[in-house]
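The file run-v8.cif contains mmCIF, C-alpha atoms:
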data_final
loop_
_atom_site.label_atom_id
_atom_site.label_comp_id
_atom_site.auth_asym_id
_atom_site.auth_seq_id
_atom_site.Cartn_x
_atom_site.Cartn_y
_atom_site.Cartn_z
CA MET N 211 -3.12 -75.10 -32.85
CA GLU N 212 -4.77 -76.64 -35.88
CA VAL N 213 -7.58 -79.16 -35.47
CA ALA N 214 -7.89 -82.30 -37.53
CA MET N 215 -10.70 -83.21 -39.85
CA ASP N 216 -12.44 -86.55 -39.81
CA THR N 217 -10.96 -89.19 -42.07
CA LEU N 218 -12.39 -88.89 -45.57
CA PRO N 219 -12.32 -91.50 -48.34
CA VAL N 220 -9.73 -90.89 -51.07
CA LYS N 221 -12.40 -90.62 -53.78
CA GLU N 222 -13.94 -87.58 -52.08
CA ILE N 223 -10.79 -85.59 -51.31
CA ARG N 224 -9.29 -83.87 -54.32
CA SER N 225 -6.42 -81.42 -54.59
CA GLY N 226 -6.31 -79.39 -57.79
CA ARG N 227 -6.80 -81.69 -60.76
CA ALA N 228 -5.75 -84.92 -59.11
CA GLU N 229 -7.09 -86.97 -56.21
CA ARG N 230 -4.96 -86.80 -53.13
CA PRO N 231 -3.16 -90.15 -52.60
CA THR N 232 -3.98 -90.53 -48.93
CA GLN N 233 -5.29 -93.53 -47.07
CA ASP N 234 -6.68 -93.54 -43.55
CA ALA N 235 -5.00 -90.17 -42.96
CA LYS N 236 -6.50 -87.32 -41.02
CA GLU N 237 -6.72 -84.05 -42.95
CA THR N 238 -5.94 -80.73 -41.31
CA ALA N 239 -7.52 -77.56 -42.65
CA SER N 240 -6.40 -74.12 -41.61
CA ILE N 241 -9.10 -72.57 -43.80
CA LEU N 242 -12.35 -74.27 -44.81
CA ILE N 243 -14.34 -72.76 -47.68
CA VAL N 244 -17.99 -73.82 -47.99
CA GLY N 245 -19.04 -73.35 -51.61
CA GLY N 246 -17.13 -73.77 -54.87
CA GLY N 247 -18.90 -71.19 -57.00
CA ALA N 248 -17.50 -67.83 -58.08
CA ALA N 249 -16.84 -66.71 -54.50
CA GLY N 250 -15.28 -69.94 -53.22
CA ILE N 251 -12.95 -70.53 -56.16
CA THR N 252 -11.83 -66.89 -56.21
CA VAL N 253 -11.07 -66.81 -52.49
CA ALA N 254 -9.20 -70.13 -52.72
CA ALA N 255 -7.13 -68.89 -55.66
CA GLU N 256 -6.27 -65.61 -53.97
CA LEU N 257 -5.32 -67.37 -50.74
CA ARG N 258 -2.99 -69.70 -52.63
CA ARG N 259 -1.42 -66.74 -54.39
CA HIS N 260 -0.82 -64.81 -51.17
CA ARG N 261 0.06 -67.74 -48.87
CA PRO N 262 0.95 -70.91 -50.83
CA ASP N 263 1.74 -72.83 -47.63
CA LEU N 264 -1.71 -72.40 -46.08
CA SER N 265 -3.89 -75.49 -45.76
CA VAL N 266 -7.07 -74.70 -47.70
CA THR N 267 -10.00 -77.09 -48.11
CA LEU N 268 -13.10 -76.45 -50.23
CA VAL N 269 -16.47 -78.19 -49.82
CA GLU N 270 -18.61 -78.30 -52.98
CA PRO N 271 -20.97 -81.02 -54.27
CA SER N 272 -21.21 -79.95 -57.92
CA GLU N 273 -19.06 -81.44 -60.65
CA THR N 274 -19.58 -78.45 -62.93
CA HIS N 275 -19.20 -74.71 -62.52
CA SER N 276 -21.33 -72.21 -64.43
CA TYR N 277 -20.78 -68.63 -65.51
CA GLN N 278 -24.29 -67.60 -64.57
CA PRO N 279 -24.04 -63.98 -65.80
CA GLY N 280 -23.95 -65.51 -69.27
CA TRP N 281 -27.33 -67.22 -68.96
CA THR N 282 -29.25 -64.13 -70.05
CA LEU N 283 -27.31 -64.38 -73.31
CA VAL N 284 -27.96 -68.12 -73.55
CA GLY N 285 -31.68 -67.44 -73.21
CA ALA N 286 -31.37 -64.83 -75.96
CA GLY N 287 -29.44 -67.06 -78.37
CA VAL N 288 -26.13 -65.17 -78.11
CA PHE N 289 -24.19 -67.79 -76.12
CA THR N 290 -24.57 -71.56 -76.00
CA LEU N 291 -24.99 -73.20 -72.62
CA ALA N 292 -21.76 -75.14 -73.15
CA GLU N 293 -19.85 -71.86 -73.36
CA THR N 294 -20.87 -71.03 -69.79
CA ILE N 295 -19.87 -74.32 -68.12
CA ARG N 296 -16.54 -75.81 -66.99
CA ARG N 297 -15.62 -78.88 -65.00
CA GLU N 298 -15.22 -78.00 -61.32
CA GLU N 299 -11.92 -79.85 -60.94
CA THR N 300 -10.30 -77.73 -63.66
CA LEU N 301 -10.95 -74.58 -61.63
CA ILE N 302 -9.95 -75.63 -58.11
CA PRO N 303 -6.43 -74.24 -57.52
CA GLN N 304 -3.53 -76.63 -57.19
CA GLY N 305 -2.92 -77.50 -53.56
CA VAL N 306 -6.51 -76.89 -52.47
CA ALA N 307 -8.25 -80.00 -51.14
CA TRP N 308 -11.74 -80.66 -52.51
CA ILE N 309 -14.38 -82.42 -50.43
CA ARG N 310 -17.11 -83.26 -52.92
CA GLY N 311 -20.06 -83.19 -50.58
CA LYS N 312 -22.80 -81.02 -49.08
CA VAL N 313 -22.75 -79.22 -45.78
CA SER N 314 -25.85 -79.80 -43.68
CA ALA N 315 -25.06 -77.84 -40.49
CA PHE N 316 -22.65 -75.39 -38.87
CA PHE N 317 -21.26 -75.74 -35.35
CA PRO N 318 -19.24 -72.53 -34.95
CA ASP N 319 -18.79 -72.93 -31.20
CA GLU N 320 -16.92 -76.15 -31.98
CA ASN N 321 -15.24 -74.84 -35.16
CA GLN N 322 -16.85 -77.62 -37.17
CA VAL N 323 -19.30 -78.19 -40.02
CA GLU N 324 -21.33 -81.31 -40.60
CA LEU N 325 -21.78 -82.96 -43.99
CA GLU N 326 -24.98 -84.60 -45.16
CA ASP N 327 -23.54 -88.06 -44.50
CA GLY N 328 -22.97 -87.17 -40.85
CA ARG N 329 -19.22 -86.59 -40.90
CA ARG N 330 -17.73 -83.56 -39.15
CA VAL N 331 -15.08 -81.34 -40.68
CA ALA N 332 -13.05 -79.06 -38.40
CA TYR N 333 -11.45 -75.73 -39.25
CA ARG N 334 -9.51 -72.83 -37.79
CA TYR N 335 -11.06 -70.28 -40.13
CA LEU N 336 -14.28 -70.61 -42.09
CA VAL N 337 -15.38 -68.86 -45.29
CA VAL N 338 -19.08 -69.34 -46.09
CA CYS N 339 -20.14 -68.80 -49.70
CA PRO N 340 -22.51 -71.56 -50.91
CA GLY N 341 -24.72 -69.18 -52.92
CA LEU N 342 -28.46 -68.97 -52.45
CA LYS N 343 -31.43 -71.26 -52.97
CA LEU N 344 -33.84 -70.92 -55.90
CA ASP N 345 -37.19 -71.53 -54.23
CA TRP N 346 -39.10 -72.96 -57.21
CA ASP N 347 -41.60 -74.71 -54.95
CA LYS N 348 -42.80 -71.44 -53.44
CA ILE N 349 -44.78 -70.93 -56.66
CA GLN N 350 -47.40 -73.66 -56.90
CA GLY N 351 -47.10 -75.74 -60.05
CA LEU N 352 -43.98 -73.98 -61.33
CA ARG N 353 -41.58 -76.89 -61.06
CA GLU N 354 -43.94 -79.11 -63.05
CA ALA N 355 -44.62 -76.42 -65.64
CA LEU N 356 -41.02 -75.42 -66.37
CA GLY N 357 -39.64 -76.45 -69.73
CA SER N 358 -42.97 -76.85 -71.54
CA ASN N 359 -46.08 -74.91 -72.55
CA GLY N 360 -44.03 -71.73 -72.91
CA VAL N 361 -42.88 -71.59 -69.25
CA CYS N 362 -39.17 -70.82 -69.17
CA SER N 363 -36.47 -69.39 -66.88
CA ASN N 364 -32.88 -68.24 -67.32
CA TYR N 365 -32.17 -69.00 -63.67
CA SER N 366 -31.44 -72.70 -64.20
CA ALA N 367 -29.06 -74.54 -66.50
CA ASP N 368 -31.85 -77.07 -67.03
CA THR N 369 -34.28 -74.52 -68.45
CA VAL N 370 -32.25 -71.64 -69.92
CA GLU N 371 -31.99 -73.18 -73.40
CA TYR N 372 -35.77 -73.54 -73.49
CA THR N 373 -36.02 -69.76 -73.09
CA TRP N 374 -34.36 -69.27 -76.47
CA ARG N 375 -36.66 -71.87 -78.02
CA CYS N 376 -39.66 -69.98 -76.65
CA LEU N 377 -38.40 -66.72 -78.13
CA GLN N 378 -37.95 -68.38 -81.49
CA ASP N 379 -41.30 -70.22 -81.48
CA PHE N 380 -43.33 -67.19 -80.40
CA GLN N 381 -45.66 -65.97 -83.15
CA GLY N 382 -47.56 -63.39 -81.15
CA GLY N 383 -49.86 -63.22 -78.16
CA GLN N 384 -49.36 -62.66 -74.42
CA ALA N 385 -45.79 -62.65 -73.04
CA LEU N 386 -45.33 -62.40 -69.28
CA PHE N 387 -42.06 -61.72 -67.45
CA THR N 388 -42.04 -61.98 -63.67
CA GLN N 389 -39.84 -60.69 -60.86
CA PRO N 390 -40.27 -61.80 -57.22
CA ALA N 391 -39.57 -59.83 -54.06
CA MET N 392 -35.94 -58.88 -53.45
CA PRO N 393 -33.29 -59.94 -52.81
CA ILE N 394 -32.47 -62.04 -55.86
CA LYS N 395 -29.25 -62.72 -57.69
CA CYS N 396 -28.67 -60.19 -60.46
CA ALA N 397 -31.68 -58.00 -59.80
CA GLY N 398 -31.72 -56.76 -63.39
CA ALA N 399 -31.86 -60.21 -65.01
CA PRO N 400 -35.69 -60.52 -65.05
CA GLN N 401 -35.95 -57.45 -67.27
CA LYS N 402 -32.78 -58.04 -69.31
CA ILE N 403 -34.32 -61.04 -71.05
CA MET N 404 -37.58 -59.13 -71.51
CA TYR N 405 -35.86 -56.38 -73.50
CA LEU N 406 -33.92 -58.91 -75.58
CA ALA N 407 -37.12 -60.85 -76.28
CA ALA N 408 -38.92 -57.66 -77.32
CA ASP N 409 -36.02 -56.68 -79.57
CA HIS N 410 -35.89 -60.17 -81.10
CA TRP N 411 -39.63 -60.12 -81.83
CA ARG N 412 -39.38 -56.61 -83.25
CA ARG N 413 -36.69 -57.76 -85.66
CA ARG N 414 -39.04 -60.54 -86.76
CA GLY N 415 -41.87 -58.06 -87.32
CA LEU N 416 -43.92 -59.26 -84.36
CA SER N 417 -44.06 -56.04 -82.34
CA ARG N 418 -47.74 -55.42 -83.00
CA LYS N 419 -48.62 -59.03 -82.28
CA ALA N 420 -46.82 -59.17 -78.92
CA GLU N 421 -48.52 -58.02 -75.73
CA ILE N 422 -45.70 -57.87 -73.18
CA GLU N 423 -46.23 -57.45 -69.43
CA PHE N 424 -43.62 -57.11 -66.72
CA CYS N 425 -45.16 -58.35 -63.46
CA LEU N 426 -43.09 -57.21 -60.46
CA ALA N 427 -43.69 -58.05 -56.83
CA GLY N 428 -42.20 -54.66 -55.93
CA ASP N 429 -43.14 -51.12 -56.84
CA VAL N 430 -40.00 -49.87 -58.62
CA LEU N 431 -38.48 -50.80 -61.96
CA PHE N 432 -34.92 -50.84 -60.60
CA GLY N 433 -33.55 -50.39 -57.10
CA VAL N 434 -31.17 -47.55 -57.97
CA PRO N 435 -33.35 -44.63 -59.14
CA PHE N 436 -30.56 -43.08 -61.20
CA PHE N 437 -30.85 -45.91 -63.75
CA VAL N 438 -34.64 -45.97 -64.02
CA PRO N 439 -34.97 -43.39 -66.85
CA PRO N 440 -33.15 -45.41 -69.55
CA LEU N 441 -35.00 -48.56 -68.49
CA LYS N 442 -38.32 -46.74 -68.59
CA ALA N 443 -37.36 -45.49 -72.07
CA ALA N 444 -36.84 -49.10 -73.16
CA VAL N 445 -40.18 -50.10 -71.62
CA ASP N 446 -41.94 -47.33 -73.56
CA GLU N 447 -40.10 -48.08 -76.79
CA TYR N 448 -41.22 -51.72 -76.76
CA GLY N 449 -44.73 -50.93 -75.50
CA ILE N 450 -44.27 -53.04 -72.38
CA HIS N 451 -46.95 -52.83 -69.68
CA LEU N 452 -45.58 -52.52 -66.14
CA ARG N 453 -47.60 -54.37 -63.47
CA TYR N 454 -46.31 -53.40 -60.05
CA LYS N 455 -47.21 -55.29 -56.86
CA HIS N 456 -47.97 -58.43 -58.87
CA ASN N 457 -46.56 -61.44 -57.03
CA LEU N 458 -46.67 -64.76 -58.91
CA LYS N 459 -48.25 -67.44 -56.71
CA ALA N 460 -49.13 -70.32 -59.04
CA VAL N 461 -48.74 -71.57 -62.60
CA HIS N 462 -50.86 -74.05 -64.54
CA GLY N 463 -48.79 -75.06 -67.51
CA ALA N 464 -51.35 -77.06 -69.49
CA SER N 465 -53.83 -74.17 -69.60
CA ARG N 466 -51.06 -71.56 -69.85
CA THR N 467 -52.46 -69.65 -66.89
CA ALA N 468 -50.60 -67.69 -64.21
CA TYR N 469 -52.06 -66.58 -60.88
CA PHE N 470 -50.88 -63.43 -59.10
CA THR N 471 -51.55 -61.84 -55.74
CA VAL N 472 -51.94 -58.12 -56.43
CA THR N 473 -51.65 -55.42 -53.77
CA ASP N 474 -53.34 -52.07 -54.40
CA GLY N 475 -52.43 -48.62 -53.10
CA ASP N 476 -54.40 -49.18 -49.90
CA GLY N 477 -52.63 -52.43 -49.12
CA LYS N 478 -55.59 -54.62 -50.07
CA THR N 479 -54.83 -57.83 -51.94
CA SER N 480 -56.72 -59.63 -54.67
CA GLU N 481 -56.11 -62.60 -56.94
CA VAL N 482 -55.56 -62.01 -60.66
CA GLU N 483 -55.50 -64.66 -63.36
CA LYS N 484 -53.48 -64.10 -66.52
CA ARG N 485 -53.27 -66.22 -69.66
CA PHE N 486 -49.97 -66.40 -71.51
CA ASP N 487 -48.38 -67.79 -74.65
CA VAL N 488 -44.89 -67.52 -73.18
CA MET N 489 -43.81 -66.70 -69.63
CA HIS N 490 -40.32 -66.17 -68.26
CA VAL N 491 -40.29 -66.79 -64.51
CA THR N 492 -37.74 -65.58 -62.00
CA PRO N 493 -38.13 -67.77 -58.89
CA PRO N 494 -38.16 -66.45 -55.31
CA GLN N 495 -34.74 -66.77 -53.69
CA VAL N 496 -33.63 -67.42 -50.14
CA ALA N 497 -30.53 -68.54 -48.26
CA PRO N 498 -29.91 -72.32 -48.29
CA ASP N 499 -31.77 -74.25 -45.59
CA PHE N 500 -28.59 -75.24 -43.72
CA VAL N 501 -27.63 -71.57 -43.54
CA ARG N 502 -31.02 -70.25 -42.42
CA SER N 503 -31.19 -72.75 -39.56
CA SER N 504 -27.65 -72.11 -38.36
CA PRO N 505 -26.20 -69.92 -35.58
CA LEU N 506 -24.43 -67.94 -38.32
CA ALA N 507 -27.64 -66.53 -39.81
CA ASN N 508 -29.25 -63.17 -39.14
CA ALA N 509 -33.01 -62.72 -38.70
CA ALA N 510 -33.54 -62.79 -42.48
CA GLY N 511 -31.61 -66.04 -42.86
CA TRP N 512 -28.42 -64.68 -44.44
CA ILE N 513 -24.92 -64.95 -42.94
CA ASP N 514 -24.60 -62.16 -40.38
CA VAL N 515 -21.48 -60.23 -41.34
CA ASN N 516 -20.07 -56.75 -40.99
CA ALA N 517 -20.96 -55.01 -44.26
CA ALA N 518 -17.45 -53.60 -44.71
CA THR N 519 -15.05 -56.25 -43.35
CA LEU N 520 -17.28 -59.25 -44.23
CA GLN N 521 -16.31 -60.83 -40.90
CA HIS N 522 -19.07 -62.50 -38.90
CA THR N 523 -20.54 -60.27 -36.22
CA GLN N 524 -20.17 -62.91 -33.48
CA TYR N 525 -17.54 -65.42 -34.65
CA ASN N 526 -14.23 -63.72 -35.46
CA ASN N 527 -12.88 -66.70 -37.38
CA VAL N 528 -15.83 -66.78 -39.80
CA PHE N 529 -16.15 -64.72 -42.99
CA SER N 530 -18.75 -64.71 -45.74
CA LEU N 531 -19.22 -63.29 -49.21
CA GLY N 532 -21.28 -63.79 -52.33
CA ASP N 533 -25.03 -64.28 -52.55
CA VAL N 534 -25.37 -65.75 -49.06
CA ALA N 535 -23.79 -62.84 -47.22
CA GLY N 536 -26.18 -60.64 -45.27
CA THR N 537 -25.14 -57.42 -46.99
CA THR N 538 -27.29 -54.99 -48.95
CA ASN N 539 -25.22 -54.94 -52.14
CA ALA N 540 -26.49 -56.36 -55.43
CA LYS N 541 -25.92 -60.11 -55.58
CA THR N 542 -23.70 -60.22 -58.66
CA ALA N 543 -20.39 -61.70 -59.81
CA ALA N 544 -19.04 -58.16 -59.94
CA ALA N 545 -19.70 -57.86 -56.22
CA VAL N 546 -17.82 -61.11 -55.58
CA ARG N 547 -14.84 -59.82 -57.58
CA LEU N 548 -14.33 -57.05 -55.01
CA GLN N 549 -15.57 -58.93 -51.96
CA ALA N 550 -13.01 -61.71 -52.40
CA PRO N 551 -9.89 -59.52 -51.93
CA THR N 552 -11.54 -57.96 -48.88
CA VAL N 553 -12.18 -61.37 -47.31
CA VAL N 554 -8.70 -62.66 -48.15
CA LYS N 555 -6.88 -59.60 -46.79
CA ASN N 556 -8.95 -59.53 -43.61
CA LEU N 557 -8.71 -63.29 -43.08
CA LEU N 558 -4.92 -63.16 -43.40
CA SER N 559 -4.86 -60.20 -41.00
CA ALA N 560 -6.90 -62.26 -38.53
CA ILE N 561 -4.43 -65.14 -38.88
CA ASP N 562 -1.54 -62.75 -38.26
CA GLY N 563 -3.26 -61.13 -35.29
CA LYS N 564 -3.49 -57.76 -37.02
CA PRO N 565 -6.44 -55.34 -37.29
CA LEU N 566 -8.84 -55.85 -40.20
CA GLU N 567 -8.24 -52.90 -42.51
CA ALA N 568 -9.72 -53.98 -45.85
CA ALA N 569 -13.24 -52.67 -46.49
CA TYR N 570 -15.82 -53.57 -49.13
CA ASP N 571 -17.86 -50.57 -50.25
CA GLY N 572 -20.87 -52.48 -51.58
CA TYR N 573 -19.83 -52.29 -55.23
CA GLY N 574 -22.01 -54.15 -57.68
CA SER N 575 -22.44 -54.03 -61.42
CA CYS N 576 -25.44 -54.90 -63.54
CA PRO N 577 -24.99 -54.74 -67.33
CA LEU N 578 -28.61 -54.13 -68.37
CA THR N 579 -29.18 -55.41 -71.90
CA THR N 580 -31.81 -53.07 -73.34
CA ALA N 581 -31.40 -54.52 -76.86
CA TYR N 582 -29.07 -56.72 -78.86
CA GLY N 583 -25.85 -54.69 -79.03
CA LYS N 584 -26.89 -52.16 -76.34
CA VAL N 585 -26.19 -52.22 -72.61
CA VAL N 586 -26.76 -49.78 -69.78
CA LEU N 587 -23.78 -50.44 -67.51
CA ALA N 588 -25.12 -49.84 -64.01
CA GLU N 589 -22.41 -49.67 -61.34
CA PHE N 590 -23.17 -48.62 -57.78
CA THR N 591 -22.18 -49.09 -54.15
CA TYR N 592 -23.96 -49.14 -50.79
CA GLY N 593 -26.72 -46.56 -50.58
CA GLY N 594 -27.21 -46.50 -54.36
CA LYS N 595 -24.18 -44.29 -54.98
CA VAL N 596 -23.41 -44.23 -58.72
CA THR N 597 -19.79 -45.36 -59.16
CA PRO N 598 -18.98 -45.98 -62.83
CA THR N 599 -15.59 -47.27 -63.88
CA PHE N 600 -15.51 -45.06 -66.97
CA PRO N 601 -16.12 -41.26 -67.12
CA LEU N 602 -19.19 -41.62 -69.35
CA ASP N 603 -22.88 -41.18 -68.51
CA PRO N 604 -23.74 -44.79 -67.58
CA ARG N 605 -27.43 -44.27 -68.31
CA LYS N 606 -26.82 -44.26 -72.05
CA PRO N 607 -27.15 -47.70 -73.70
CA ARG N 608 -23.81 -48.33 -75.40
CA ARG N 609 -22.34 -50.76 -77.90
CA SER N 610 -19.06 -50.66 -75.96
CA ALA N 611 -20.84 -51.92 -72.84
CA TRP N 612 -22.35 -54.77 -74.91
CA LEU N 613 -18.84 -55.77 -76.01
CA LEU N 614 -17.72 -55.56 -72.40
CA LYS N 615 -20.52 -57.92 -71.33
CA THR N 616 -20.19 -60.41 -74.17
CA LYS N 617 -16.42 -60.45 -74.65
CA PHE N 618 -14.32 -59.03 -71.82
CA LEU N 619 -16.30 -59.97 -68.71
CA PRO N 620 -16.42 -63.72 -69.51
CA PHE N 621 -12.69 -63.62 -70.25
CA MET N 622 -12.00 -61.78 -67.00
CA TYR N 623 -14.13 -64.29 -65.06
CA TRP N 624 -12.51 -67.47 -66.38
CA LYS N 625 -8.94 -66.30 -66.98
CA MET N 626 -8.40 -63.73 -64.24
CA MET N 627 -10.90 -63.71 -61.38
CA LEU N 628 -11.08 -67.49 -60.83
CA ARG N 629 -7.30 -67.68 -61.05
CA GLY N 630 -6.79 -65.27 -58.18
CA SER N 631 -6.04 -62.08 -60.08
CA GLU N 632 -7.04 -58.94 -58.20
CA PHE N 633 -6.98 -56.76 -61.31
CA ASP N 634 -9.36 -53.84 -60.96
CA VAL N 635 -10.04 -50.60 -62.77
CA LYS N 636 -11.02 -48.39 -59.88
CA HIS N 637 -14.61 -47.20 -59.71
CA LYS N 638 -15.52 -43.95 -58.04
CA GLU N 639 -18.59 -41.90 -57.29
CA ARG N 640 -19.40 -39.45 -60.08
CA ARG N 641 -22.03 -36.78 -60.55
CA PHE N 642 -24.09 -36.48 -63.72
CA ALA N 643 -26.75 -34.08 -64.88
CA GLU N 644 -30.14 -34.99 -63.46
CA ALA N 645 -31.83 -34.79 -66.86
CA TYR N 646 -31.53 -37.92 -68.97
CA ARG N 647 -31.46 -37.81 -72.74
CA ALA N 648 -31.75 -41.11 -74.59
#
Please go through the file and, once you have read it, give me the structure as structure tokens.
Amino acid sequence: MEVAMDTLPVKEIRSGRAERPTQDAKETASILIVGGGAAGITVAAELRRHRPDLSVTLVEPSETHSYQPGWTLVGAGVFTLAETIRREETLIPQGVAWIRGKVSAFFPDENQVELEDGRRVAYRYLVVCPGLKLDWDKIQGLREALGSNGVCSNYSADTVEYTWRCLQDFQGGQALFTQPAMPIKCAGAPQKIMYLAADHWRRRGLSRKAEIEFCLAGDVLFGVPFFVPPLKAAVDEYGIHLRYKHNLKAVHGASRTAYFTVTDGDGKTSEVEKRFDVMHVTPPQVAPDFVRSSPLANAAGWIDVNAATLQHTQYNNVFSLGDVAGTTNAKTAAAVRLQAPTVVKNLLSAIDGKPLEAAYDGYGSCPLTTAYGKVVLAEFTYGGKVTPTFPLDPRKPRRSAWLLKTKFLPFMYWKMMLRGSEFDVKHKERRFAEAYRA
């Protein structure tokens, strides 16, 4: 038996591209999707393709939708910001109701969510995919410093264009690039822009004038050891200084000073002050507040799901995917592309009373831009297994992978993935010689 949702004003319920002409009517949702980003839109589109008669409702406050994998290229002057943004209503599938609001709490024992204005929305099945929270305020002074005095970040639509301006205005001096503790969305992004910046400055003849430091909170360059050699080769080529166990704690924009907590080999911490002429900051990232405080969260604050089926470990009618899911895969759009069919197949199996047979293997992809026109295409699954799509050594920076990142992947995102296509060139685990030759 389906449960009814609270009455919602006409202006806040939208189906596809047009507002639903309802007045004082109670809405009934078989499936409620929280989040209208890559994961939410893809799941909604695939559900509509498989079961057009299902009642699907999506909750999302934003009026625009961004192709965030493209922001590295916006910060490097390859894409414009406008090329990465679409209106949300143009992407929501026909027949899917849109509640333009924010969820503030989950009540899974009652099969309801609460919106920020206090209304309750009921569901039979729930898909949770609101993304994660960029915790700018965890770094003292960062929010005030962003967008001026050389402090930039590709992680926000409001600041990504300033990154490109910083790269262009740079005439030499100290350039800092930071990476917080994991997990973060697109774990390779903090160093992608660093390599592109170094390449840009080299092309302008500024290599000898640029002192580049990569300040990482962790102690490894990349989480999958197989891909470290080509990245280390890029670090050496550009003369970049790696600063492990450097955790950014504060920024003073006016004096262009950054403050780090540094941990040594014995576990002792100290405070280090660094001056900069330009600094690209990757903010700490956590699950949204309403997720962390909910019964659906695990101890770390992420949605507690089975890593293979993506079904909640306690509530059988709840599924999750994307950045908010408590899985160990890389938080990338490529992961969502394969998580979405898993969620849809298993959700429909749950509706039909059948066993959940679809399994997500942890696939993620990170196209690491080591220079303009060169990309190391890192593909891997749970446990760091190397699973390239193509039978080529993925450690080699390739022009073809650059074309894939700049041309095909955006096309696939907008024209295929968000429209419910489940097109996939199968990846599989492959073995390569241990020695790496650049």
I would like the residues chosen by the PyMOL selection byres ((chain N and resi 495) around 9) on the shown file; could you give them as a PDB file with C-alpha atoms, in the frame of the given file?
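Generated output (expr_35.pdb):
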ATOM      1  CA  LEU N 342     -28.460 -68.970 -52.450  1.00  0.00           C
ATOM      2  CA  LYS N 343     -31.430 -71.260 -52.970  1.00  0.00           C
ATOM      3  CA  LEU N 344     -33.840 -70.920 -55.900  1.00  0.00           C
ATOM      4  CA  ASP N 345     -37.190 -71.530 -54.230  1.00  0.00           C
ATOM      5  CA  TRP N 346     -39.100 -72.960 -57.210  1.00  0.00           C
ATOM      6  CA  PRO N 390     -40.270 -61.800 -57.220  1.00  0.00           C
ATOM      7  CA  ALA N 391     -39.570 -59.830 -54.060  1.00  0.00           C
ATOM      8  CA  MET N 392     -35.940 -58.880 -53.450  1.00  0.00           C
ATOM      9  CA  PRO N 393     -33.290 -59.940 -52.810  1.00  0.00           C
ATOM     10  CA  ILE N 394     -32.470 -62.040 -55.860  1.00  0.00           C
ATOM     11  CA  LYS N 395     -29.250 -62.720 -57.690  1.00  0.00           C
ATOM     12  CA  THR N 492     -37.740 -65.580 -62.000  1.00  0.00           C
ATOM     13  CA  PRO N 493     -38.130 -67.770 -58.890  1.00  0.00           C
ATOM     14  CA  PRO N 494     -38.160 -66.450 -55.310  1.00  0.00           C
ATOM     15  CA  VAL N 496     -33.630 -67.420 -50.140  1.00  0.00           C
ATOM     16  CA  ALA N 497     -30.530 -68.540 -48.260  1.00  0.00           C
TER      17      ALA N 497
END
Exercise: segment 598-600 of chain N partners within 10 Å, all atoms listed in the file, chain neighbours under 5 positions left out, as a list in words: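 The filter keeps Tyr573, Ser575, Leu587, Ala588, Glu589, Phe590, Thr591, Asp634, Val635, Lys636, His637, Lys638, Glu639, Arg640 and Arg641 of chain N.
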Cut-off 10 Å: closest segment 259-343 of chain N/segment 400-409 of chain N atom pairs per residue, using all atoms listed in the file, as JSON lines:
{"residue": "N:Trp281", "atom": "CA", "partner": "N:Ile403", "partner_atom": "CA", "distance": 9.6}
{"residue": "N:Thr282", "atom": "CA", "partner": "N:Ile403", "partner_atom": "CA", "distance": 6.0}
{"residue": "N:Leu283", "atom": "CA", "partner": "N:Ile403", "partner_atom": "CA", "distance": 8.1}
{"residue": "N:Val284", "atom": "CA", "partner": "N:Ile403", "partner_atom": "CA", "distance": 9.8}
{"residue": "N:Gly285", "atom": "CA", "partner": "N:Ile403", "partner_atom": "CA", "distance": 7.3}
{"residue": "N:Ala286", "atom": "CA", "partner": "N:Leu406", "partner_atom": "CA", "distance": 6.5}
{"residue": "N:Gly287", "atom": "CA", "partner": "N:Leu406", "partner_atom": "CA", "distance": 9.7}
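Every protein or nucleic acid residue with an atom no more than 8 Å from Ala518 of chain N, counting only C-alpha atoms and leaving out same-chain residues fewer than 2 positions away, appears here: Asn516, Leu520, Ala568, Ala569, Tyr570, Asp571 and Gly572 of chain N.
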Proximity to Thr290 of chain N - best of N:Glu273, N:Ala367, N:Asn359, N:Gly477, all atoms listed in the file: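 Of N:Glu273, N:Ala367, N:Asn359, N:Gly477, the one nearest Thr290 of chain N is N:Ala367, counting all atoms listed in the file.
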Test item: axis-aligned box, all listed atoms of segment 529-533 of chain N, 3 Å on each side, centre and edges in Å rounded to one decimal, as AutoDock Vina command-line options:
--center_x -20.6 --center_y -64.0 --center_z -47.8 --size_x 14.9 --size_y 7.4 --size_z 15.6
For Asn526 of chain N, please output as an NGL selection string all residues within 12 Å (counting all atoms listed in the file; exclusion window: fewer than 2 positions along the same chain). :N and (318-319 or 321 or 334-337 or 506 or 514-516 or 519-524 or 528-530 or 556-557 or 559-561 or 563 or 565-566)
Can you pull out every residue within 8 Å of segment 456-465 of chain N, counting all atoms listed in the file, but drop anything in the same chain fewer than 5 positions away, and send it as a PyMOL selection string? chain N and resi 348-352+354-356+358-361+388-391+425-428+470-473+485
Can you give me, as a list in words, the residues this file yields under the PyMOL selection byres ((chain N and resi 608-612) around 7)?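 For this structure, the PyMOL selection byres ((chain N and resi 608-612) around 7) captures Gly583, Lys584, Val585, Val586, Leu587, Lys606, Pro607, Leu613, Leu614, Lys615 and Thr616 of chain N.
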Write the residues you've just listed into a file as a short mmCIF file (atom, residue, chain, number, x, y, z; two decimals), keeping the file's coordinate frame, and include C-alpha atoms for each of them.
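Output below, filename again-v9.cif:
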data_model
loop_
_atom_site.label_atom_id
_atom_site.label_comp_id
_atom_site.auth_asym_id
_atom_site.auth_seq_id
_atom_site.Cartn_x
_atom_site.Cartn_y
_atom_site.Cartn_z
CA GLY N 583 -25.85 -54.69 -79.03
CA LYS N 584 -26.89 -52.16 -76.34
CA VAL N 585 -26.19 -52.22 -72.61
CA VAL N 586 -26.76 -49.78 -69.78
CA LEU N 587 -23.78 -50.44 -67.51
CA LYS N 606 -26.82 -44.26 -72.05
CA PRO N 607 -27.15 -47.70 -73.70
CA LEU N 613 -18.84 -55.77 -76.01
CA LEU N 614 -17.72 -55.56 -72.40
CA LYS N 615 -20.52 -57.92 -71.33
CA THR N 616 -20.19 -60.41 -74.17
#
